[in-house]
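Q: What follows is query28.txt, made up of compact mmCIF, C-alpha atoms:
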```txt
# COMPACT_ATOMS: atom_id res chain seq x y z
CA MET T 1 35.15 -14.16 2.76
CA ARG T 2 32.49 -13.66 0.11
CA GLU T 3 29.02 -13.18 1.60
CA PRO T 4 26.64 -16.06 0.80
CA ALA T 5 24.06 -15.21 -1.84
CA PRO T 6 20.37 -15.24 -0.81
CA GLN T 7 18.29 -18.00 -2.32
CA ALA T 8 15.13 -15.91 -2.77
CA ARG T 9 14.47 -12.44 -4.18
CA LEU T 10 11.90 -9.82 -3.31
CA THR T 11 11.70 -7.34 -6.19
CA VAL T 12 10.12 -3.96 -5.38
CA ASP T 13 8.81 -1.87 -8.26
CA LEU T 14 9.37 1.66 -6.98
CA ALA T 15 7.91 3.18 -10.15
CA ALA T 16 4.63 1.33 -9.52
CA MET T 17 4.68 2.49 -5.88
CA VAL T 18 5.10 6.10 -6.97
CA ALA T 19 2.34 5.74 -9.57
CA ASN T 20 -0.01 4.41 -6.88
CA TRP T 21 0.84 7.39 -4.66
CA ARG T 22 0.19 9.85 -7.48
CA ASP T 23 -3.25 8.36 -8.12
CA LEU T 24 -4.06 8.63 -4.41
CA ALA T 25 -2.75 12.18 -4.28
CA ALA T 26 -4.90 13.19 -7.25
CA ALA T 27 -8.12 12.13 -5.52
CA GLY T 28 -8.81 15.58 -4.08
CA ARG T 29 -7.36 18.71 -2.58
CA ALA T 30 -5.94 16.97 0.50
CA GLU T 31 -2.18 16.68 0.83
CA CYS T 32 -1.21 13.02 0.46
CA GLY T 33 1.28 11.47 2.88
CA ALA T 34 2.49 7.89 3.16
CA ALA T 35 2.34 5.32 5.95
CA ILE T 36 5.68 3.47 5.86
CA LYS T 37 5.41 1.72 9.22
CA ALA T 38 6.52 -1.91 9.58
CA ASP T 39 9.40 -1.25 7.17
CA ALA T 40 6.97 0.04 4.51
CA TYR T 41 4.77 -3.00 4.99
CA GLY T 42 7.79 -5.25 4.55
CA LEU T 43 9.15 -3.67 1.36
CA GLY T 44 11.81 -1.36 2.81
CA ALA T 45 10.95 1.95 4.46
CA ARG T 46 14.13 3.80 3.53
CA ALA T 47 13.83 2.97 -0.18
CA ALA T 48 10.10 3.75 -0.17
CA MET T 49 10.60 7.10 1.53
CA LYS T 50 13.36 8.09 -0.86
CA ALA T 51 11.28 7.26 -3.95
CA LEU T 52 8.09 8.87 -2.66
CA ALA T 53 9.87 11.99 -1.42
CA ALA T 54 11.42 12.43 -4.88
CA ALA T 55 7.88 12.27 -6.30
CA GLY T 56 6.68 15.02 -3.96
CA CYS T 57 5.46 13.25 -0.82
CA ARG T 58 6.35 15.28 2.27
CA HIS T 59 4.69 13.52 5.21
CA PHE T 60 5.53 10.01 6.39
CA TYR T 61 4.10 7.91 9.20
CA VAL T 62 5.64 5.14 11.31
CA ALA T 63 4.33 3.33 14.37
CA HIS T 64 7.33 3.27 16.72
CA TRP T 65 10.22 5.56 17.60
CA ALA T 66 12.62 2.71 16.81
CA GLU T 67 11.49 2.97 13.17
CA VAL T 68 12.65 6.57 12.85
CA ALA T 69 16.37 5.88 13.09
CA ALA T 70 16.31 3.66 9.97
CA LEU T 71 15.04 6.63 7.96
CA LEU T 72 17.84 9.03 8.83
CA PRO T 73 19.01 11.30 7.39
CA LEU T 74 15.62 12.51 6.21
CA PRO T 75 15.30 14.01 2.73
CA PRO T 76 15.00 17.82 2.74
CA GLY T 77 11.51 19.09 3.55
CA VAL T 78 10.24 15.74 4.82
CA SER T 79 8.44 15.19 8.13
CA VAL T 80 7.97 11.95 10.05
CA SER T 81 5.17 11.33 12.55
CA VAL T 82 5.04 8.49 15.10
CA LEU T 83 1.50 7.15 15.26
CA HIS T 84 1.80 5.49 18.68
CA GLY T 85 2.60 8.83 20.27
CA ALA T 86 5.14 9.32 23.05
CA ALA T 87 4.69 7.62 26.38
CA PRO T 88 6.31 9.34 29.36
CA HIS T 89 9.30 6.95 29.25
CA GLU T 90 9.81 7.76 25.54
CA ILE T 91 10.01 11.55 25.87
CA GLU T 92 13.81 11.67 25.98
CA THR T 93 14.06 9.50 22.85
CA ALA T 94 11.39 11.53 21.08
CA LEU T 95 13.20 14.80 21.76
CA SER T 96 16.41 13.40 20.28
CA LEU T 97 14.86 12.45 16.93
CA PRO T 98 13.52 14.58 14.04
CA ALA T 99 9.97 13.26 14.30
CA THR T 100 6.68 14.34 15.87
CA PRO T 101 4.48 12.23 18.15
CA VAL T 102 0.80 11.69 17.40
CA LEU T 103 -0.39 11.90 21.01
CA ALA T 104 -3.12 9.39 21.78
CA THR T 105 -3.72 9.22 25.55
CA PRO T 106 -4.20 11.76 28.33
CA ALA T 107 -0.92 10.60 29.92
CA GLN T 108 0.95 11.22 26.68
CA VAL T 109 -0.56 14.69 26.36
CA ALA T 110 0.38 15.58 29.94
CA ALA T 111 3.96 14.37 29.50
CA TRP T 112 4.45 16.10 26.16
CA ARG T 113 3.01 19.39 27.42
CA GLN T 114 6.12 19.78 29.57
CA THR T 115 8.34 19.90 26.46
CA GLY T 116 6.69 23.01 25.05
CA ARG T 117 6.99 21.55 21.56
CA PRO T 118 4.35 21.17 18.83
CA CYS T 119 2.63 17.82 18.49
CA GLU T 120 0.08 15.91 16.51
CA ALA T 121 -2.86 14.14 18.14
CA MET T 122 -5.19 11.20 17.51
CA VAL T 123 -8.87 11.29 18.42
CA ASP T 124 -10.93 8.08 18.57
CA THR T 125 -14.13 8.50 16.54
CA GLY T 126 -15.26 4.87 16.59
CA MET T 127 -12.33 2.50 16.19
CA ASN T 128 -12.04 2.09 19.99
CA ARG T 129 -8.41 1.17 19.64
CA LEU T 130 -6.21 4.24 20.15
CA GLY T 131 -6.92 7.91 20.59
CA LEU T 132 -8.41 10.61 22.79
CA ALA T 133 -12.15 10.55 23.45
CA PRO T 134 -13.90 13.25 21.38
CA ALA T 135 -15.50 14.78 24.48
CA GLU T 136 -12.13 15.28 26.19
CA ALA T 137 -9.97 16.25 23.23
CA GLN T 138 -10.68 19.99 23.32
CA GLY T 139 -9.84 20.32 27.00
CA LEU T 140 -6.81 18.05 26.95
CA LEU T 141 -5.23 19.73 23.93
CA ALA T 142 -5.97 23.32 24.98
CA GLY T 143 -2.82 25.43 24.82
CA LEU T 144 -0.82 22.92 22.77
CA THR T 145 0.31 23.64 19.24
CA VAL T 146 -1.35 20.79 17.35
CA THR T 147 0.04 20.66 13.83
CA VAL T 148 -2.25 17.81 12.71
CA LEU T 149 -5.33 16.29 14.32
CA HIS T 150 -5.95 12.69 13.19
CA SER T 151 -8.54 9.98 13.46
CA HIS T 152 -8.70 6.53 11.86
CA LEU T 153 -11.52 4.77 10.01
CA ALA T 154 -12.57 1.31 11.17
CA CYS T 155 -14.59 0.12 8.16
CA ALA T 156 -13.29 2.04 5.15
CA GLU T 157 -12.78 -1.20 3.22
CA GLN T 158 -16.59 -1.63 3.39
CA PRO T 159 -17.85 1.48 1.58
CA GLY T 160 -21.47 0.99 2.60
CA HIS T 161 -20.80 0.46 6.30
CA PRO T 162 -22.72 3.05 8.40
CA LEU T 163 -19.74 3.60 10.71
CA ASN T 164 -17.87 5.38 7.90
CA ASP T 165 -20.33 8.25 7.85
CA ILE T 166 -20.65 8.27 11.64
CA GLN T 167 -16.88 8.64 12.01
CA ARG T 168 -16.75 11.36 9.36
CA GLN T 169 -19.40 13.36 11.21
CA ARG T 170 -17.77 12.85 14.60
CA PHE T 171 -14.39 13.92 13.27
CA ALA T 172 -15.87 17.02 11.63
CA GLU T 173 -17.37 17.99 14.99
CA VAL T 174 -14.06 17.53 16.82
CA ALA T 175 -12.20 19.40 14.08
CA ALA T 176 -14.55 22.36 14.52
CA ALA T 177 -13.74 22.47 18.25
CA VAL T 178 -10.00 21.69 18.31
CA PRO T 179 -7.66 24.13 16.53
CA ALA T 180 -5.00 22.40 14.42
CA GLY T 181 -2.86 23.16 11.43
CA ALA T 182 -4.45 20.30 9.45
CA TYR T 183 -6.96 17.50 9.85
CA ALA T 184 -6.47 13.91 8.68
CA LEU T 185 -8.91 10.99 8.65
CA ALA T 186 -8.54 8.88 5.49
CA ASN T 187 -6.28 5.87 4.99
CA SER T 188 -6.00 4.10 1.62
CA SER T 189 -9.60 2.88 1.56
CA GLY T 190 -10.82 6.09 3.16
CA ILE T 191 -9.53 8.09 0.20
CA ALA T 192 -11.74 6.01 -2.09
CA LEU T 193 -14.83 6.86 0.00
CA GLY T 194 -14.92 10.32 -1.55
CA PRO T 195 -14.22 14.02 -0.88
CA GLY T 196 -16.12 14.13 2.41
CA TRP T 197 -13.52 11.94 4.10
CA LEU T 198 -10.38 13.67 2.79
CA PHE T 199 -10.14 16.78 5.01
CA ASP T 200 -6.63 18.35 4.72
CA ARG T 201 -4.29 15.36 4.68
CA THR T 202 -4.47 11.64 3.90
CA ARG T 203 -2.37 8.71 5.15
CA PRO T 204 -2.43 5.90 2.55
CA GLY T 205 -0.56 2.70 3.31
CA ILE T 206 -1.51 -0.61 1.71
CA ALA T 207 -2.54 0.92 -1.63
CA LEU T 208 0.95 2.35 -2.06
CA PHE T 209 2.40 -1.14 -1.89
CA GLY T 210 -0.04 -2.92 -4.21
CA GLY T 211 -2.99 -3.83 -1.99
CA GLY T 212 -6.61 -2.78 -2.17
CA LEU T 213 -8.25 -0.34 -4.53
CA LEU T 214 -7.25 3.04 -5.86
CA PRO T 215 -9.79 5.85 -6.31
CA GLY T 216 -11.99 4.89 -9.24
CA GLY T 217 -12.14 1.24 -8.26
CA ARG T 218 -9.01 -0.07 -9.98
CA HIS T 219 -6.77 -2.40 -7.98
CA ALA T 220 -3.46 -0.85 -6.97
CA ARG T 221 -0.51 -1.61 -9.22
CA THR T 222 1.58 -4.59 -8.21
CA VAL T 223 4.71 -3.51 -6.34
CA ALA T 224 6.17 -6.72 -4.84
CA SER T 225 7.16 -9.88 -6.70
CA LEU T 226 8.92 -13.04 -5.54
CA SER T 227 11.38 -15.46 -7.10
CA ALA T 228 13.50 -18.28 -5.71
CA ARG T 229 16.28 -20.59 -6.77
CA VAL T 230 15.63 -24.19 -7.74
CA LEU T 231 17.25 -26.50 -5.18
CA GLN T 232 16.46 -29.72 -7.00
CA VAL T 233 14.43 -31.10 -9.89
CA HIS T 234 13.39 -34.72 -9.72
CA ASP T 235 11.00 -37.17 -11.34
CA VAL T 236 8.06 -38.54 -9.39
CA ALA T 237 6.27 -41.70 -10.45
CA VAL T 238 2.52 -42.18 -10.58
CA GLY T 239 1.23 -42.75 -7.06
CA ALA T 240 4.27 -41.24 -5.32
CA SER T 241 3.75 -38.35 -2.90
CA VAL T 242 5.52 -35.04 -2.33
CA GLY T 243 6.15 -33.26 0.96
CA TYR T 244 4.96 -33.52 4.56
CA GLY T 245 1.73 -35.41 5.05
CA ALA T 246 1.78 -36.79 1.50
CA THR T 247 -0.92 -34.29 0.52
CA PHE T 248 0.14 -34.33 -3.14
CA VAL T 249 0.08 -37.66 -4.96
CA ALA T 250 1.19 -37.74 -8.59
CA ALA T 251 -1.59 -38.75 -10.96
CA ARG T 252 0.88 -38.96 -13.86
CA PRO T 253 4.65 -39.20 -14.24
CA SER T 254 5.66 -35.77 -12.95
CA ARG T 255 8.64 -33.46 -12.77
CA ILE T 256 8.89 -31.59 -9.44
CA ALA T 257 11.03 -28.53 -8.75
CA THR T 258 11.83 -27.71 -5.14
CA LEU T 259 12.40 -23.99 -4.53
CA ALA T 260 14.23 -22.26 -1.68
CA LEU T 261 11.11 -20.51 -0.40
CA GLY T 262 8.96 -21.42 2.58
CA TYR T 263 6.77 -20.10 5.34
CA ALA T 264 9.82 -18.71 7.16
CA ASP T 265 10.01 -16.35 4.16
CA GLY T 266 6.35 -15.40 4.43
CA TYR T 267 5.21 -17.83 1.73
CA ARG T 268 2.26 -19.14 3.69
CA ARG T 269 1.75 -22.79 4.56
CA ALA T 270 -1.87 -22.20 3.59
CA LEU T 271 -0.68 -21.95 -0.02
CA SER T 272 0.14 -25.66 0.00
CA ASN T 273 -1.35 -27.25 -3.14
CA LYS T 274 -2.87 -23.83 -3.99
CA GLY T 275 -0.07 -21.44 -4.99
CA CYS T 276 1.82 -21.51 -8.25
CA ALA T 277 5.10 -20.63 -9.93
CA ARG T 278 5.58 -19.53 -13.52
CA ILE T 279 8.21 -20.76 -15.97
CA GLY T 280 8.28 -19.50 -19.54
CA GLY T 281 4.67 -18.34 -19.25
CA VAL T 282 3.50 -21.74 -18.00
CA THR T 283 1.67 -21.97 -14.67
CA CYS T 284 3.23 -24.57 -12.37
CA PRO T 285 0.95 -25.49 -9.44
CA ALA T 286 2.25 -26.04 -5.93
CA ALA T 287 2.81 -29.71 -5.18
CA GLY T 288 2.41 -30.66 -1.55
CA ARG T 289 2.80 -28.74 1.66
CA VAL T 290 4.87 -25.61 1.90
CA SER T 291 7.54 -26.24 4.52
CA MET T 292 9.68 -23.84 6.53
CA ASP T 293 12.37 -23.29 3.90
CA MET T 294 11.06 -25.00 0.75
CA ALA T 295 8.10 -25.27 -1.56
CA ALA T 296 7.64 -27.74 -4.42
CA PHE T 297 5.95 -27.08 -7.76
CA ASP T 298 4.83 -29.35 -10.56
CA VAL T 299 6.89 -28.25 -13.59
CA THR T 300 5.94 -31.16 -15.82
CA ASP T 301 4.37 -28.95 -18.49
CA ALA T 302 6.93 -26.13 -18.27
CA PRO T 303 10.10 -25.59 -20.27
CA PRO T 304 13.09 -27.41 -18.74
CA VAL T 305 14.43 -25.81 -15.57
CA ALA T 306 17.68 -26.73 -13.84
CA GLU T 307 19.09 -26.68 -10.36
CA GLY T 308 20.28 -23.18 -9.42
CA GLU T 309 17.99 -21.31 -11.83
CA TRP T 310 15.57 -18.61 -10.68
CA VAL T 311 11.82 -19.19 -10.87
CA ASP T 312 9.08 -16.59 -10.42
CA VAL T 313 6.49 -17.39 -7.75
CA ASP T 314 3.03 -15.88 -8.05
CA PHE T 315 2.43 -13.22 -5.40
CA ASP T 316 -0.56 -11.32 -6.75
CA LEU T 317 -1.78 -9.81 -3.50
CA ALA T 318 -5.53 -10.10 -3.95
CA GLY T 319 -5.39 -13.62 -5.37
CA THR T 320 -2.75 -14.87 -2.95
CA ALA T 321 -4.63 -13.43 0.03
CA ALA T 322 -7.78 -15.25 -1.05
CA LEU T 323 -5.92 -18.54 -1.45
CA ALA T 324 -4.09 -18.17 1.86
CA GLY T 325 -7.09 -17.01 3.87
CA ALA T 326 -5.07 -13.98 4.98
CA SER T 327 -5.21 -10.24 4.44
CA GLU T 328 -2.99 -8.44 1.95
CA TYR T 329 -1.47 -6.61 4.93
CA GLU T 330 -0.41 -9.90 6.54
CA LEU T 331 1.17 -11.18 3.34
CA LEU T 332 3.35 -8.10 2.85
CA THR T 333 4.38 -7.53 6.45
CA GLY T 334 5.05 -11.26 6.88
CA LEU T 335 7.81 -11.37 4.25
CA GLY T 336 10.94 -12.56 6.02
CA GLY T 337 14.44 -11.16 6.11
CA ARG T 338 16.18 -13.75 3.94
CA TYR T 339 15.34 -12.17 0.60
CA ALA T 340 17.73 -10.26 -1.58
CA ARG T 341 15.70 -7.08 -1.92
CA VAL T 342 15.95 -5.65 -5.41
CA TYR T 343 14.61 -2.18 -6.16
CA ARG T 344 13.78 -1.00 -9.64
```
Please express what this file holds, its structure, as structure tokens.

A:
Amino acid sequence: MREPAPQARLTVDLAAMVANWRDLAAAGRAECGAAIKADAYGLGARAAMKALAAAGCRHFYVAHWAEVAALLPLPPGVSVSVLHGAAPHEIETALSLPATPVLATPAQVAAWRQTGRPCEAMVDTGMNRLGLAPAEAQGLLAGLTVTVLHSHLACAEQPGHPLNDIQRQRFAEVAAAVPAGAYALANSSGIALGPGWLFDRTRPGIALFGGGLLPGGRHARTVASLSARVLQVHDVAVGASVGYGATFVAARPSRIATLALGYADGYRRALSNKGCARIGGVTCPAAGRVSMDMAAFDVTDAPPVAEGEWVDVDFDLAGTAALAGASEYELLTGLGGRYARVYR
């Protein structure tokens, strides 16, 4: 039996992703890796790794051990690090996979020490979320081969926040006391803070996939775009409403296109009466509430569109995040699994 065709498409511009990585890598002397956790922020970790590795990226970061298997076999010369470390019950799994834990708790360090293998480690310099305390890191890690010592910035998206400099200083102090093959502090926004935050290696994430700013202040190139099939086009009379709650009421005779895209696909309900589609260069505003599987758009002023045709839906990350009252991270990682993912 022929497999049913998806009704929505997520197109991933791998060339734009690679161009974003190259700009981040050119920011300084630090070696630039790539955080591809959460399935590369919803865009497909395997495809992202393959494209970035071909461009020269050699270090990749995921959150969980379960994410490693989807990346196998790894491209030649590529390393994968698991940012949540390896809890005692995960040691057997960790030893079976070609990835390195970023140890973050004393219990993890103690359990991993028994393996005799190299590790990476995370020190908490002010995030108070995950990592070894700076005062205990030297003693806990003594005798281990630490290939990379990491920390993570809490306020890098706010360049003037005093915690950025405090964390940089704290990490420099720990780095001077704890021997490691390399030191890594900066995420995407951290790279833009300047050379003092780069150390030996960087771990960009959101900027690779089109969110936030690149060094120099330019917004990252758009990587993800959405389109969906038209389920129905119908005429709506003046005074008639569209969708749940009747939140859109036609002020003129209107033509409404209902698309196969809803909040189950990560197209936020908060975009009701705020988002837009585009047909033939014409902006078509959302008409009514976004529902689970459908969203309606006012196509009155657009060129004719018919049932079954594909329509582009605006998914500019910065603009869509502002309209939805969500972060760019949430928008990307919230994209559902019903899309046909198209890579170009």

Q: Which residue gives the smallest distance to Ala237 (chain T) among T:Ser225, T:Thr320, T:Ser254, T:Ser151, with only C-alpha atoms counted?

A: T:Ser254

Q: With distances taken over all atoms listed in the file, which of T:Ala142, T:Leu208, T:Ala63, T:Ala15 is nearest to Ala220 (chain T)?

A: T:Leu208

Q: As an mmCIF file with C-alpha atoms, in the coordinates of the input, please: the residues near Gly275 (chain T) (cut-off 10 Å, only C-alpha atoms, same-chain neighbours under 5 positions excluded).

A:
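Dumped everything to part19.cif:
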```cif
data_model
loop_
_atom_site.group_PDB
_atom_site.id
_atom_site.type_symbol
_atom_site.label_atom_id
_atom_site.label_comp_id
_atom_site.auth_asym_id
_atom_site.auth_seq_id
_atom_site.Cartn_x
_atom_site.Cartn_y
_atom_site.Cartn_z
ATOM 1 C CA TYR T 267 5.210 -17.830 1.730
ATOM 2 C CA ARG T 268 2.260 -19.140 3.690
ATOM 3 C CA ARG T 269 1.750 -22.790 4.560
ATOM 4 C CA ALA T 270 -1.870 -22.200 3.590
ATOM 5 C CA THR T 283 1.670 -21.970 -14.670
ATOM 6 C CA CYS T 284 3.230 -24.570 -12.370
ATOM 7 C CA PRO T 285 0.950 -25.490 -9.440
ATOM 8 C CA ALA T 286 2.250 -26.040 -5.930
ATOM 9 C CA ALA T 287 2.810 -29.710 -5.180
ATOM 10 C CA VAL T 290 4.870 -25.610 1.900
ATOM 11 C CA ALA T 295 8.100 -25.270 -1.560
ATOM 12 C CA ALA T 296 7.640 -27.740 -4.420
ATOM 13 C CA PHE T 297 5.950 -27.080 -7.760
ATOM 14 C CA VAL T 313 6.490 -17.390 -7.750
ATOM 15 C CA ASP T 314 3.030 -15.880 -8.050
ATOM 16 C CA PHE T 315 2.430 -13.220 -5.400
ATOM 17 C CA GLY T 319 -5.390 -13.620 -5.370
ATOM 18 C CA THR T 320 -2.750 -14.870 -2.950
ATOM 19 C CA LEU T 323 -5.920 -18.540 -1.450
ATOM 20 C CA ALA T 324 -4.090 -18.170 1.860
#
```

Q: What does the distance from CA of Ser79 (chain T) to CA of Trp65 (chain T) come to in Å, to one decimal?

A: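 Separation between CA of Ser79 (chain T) and CA of Trp65 (chain T): 13.6 Å.
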
Q: Would you compute, for all listed atoms of region 148-157 of chain T, the axis-aligned bounding box grown by 6 Å on each side, and then report its centre and edge lengths in Å rounded to one decimal, as JSON?

A:
```
{"center_x": -8.4, "center_y": 8.3, "center_z": 8.8, "size_x": 24.3, "size_y": 31.0, "size_z": 23.1}
```

Q: What's the separation between CA of Phe199 (chain T) and CA of Glu31 (chain T), in Å to one decimal place?

A: 9.0 Å
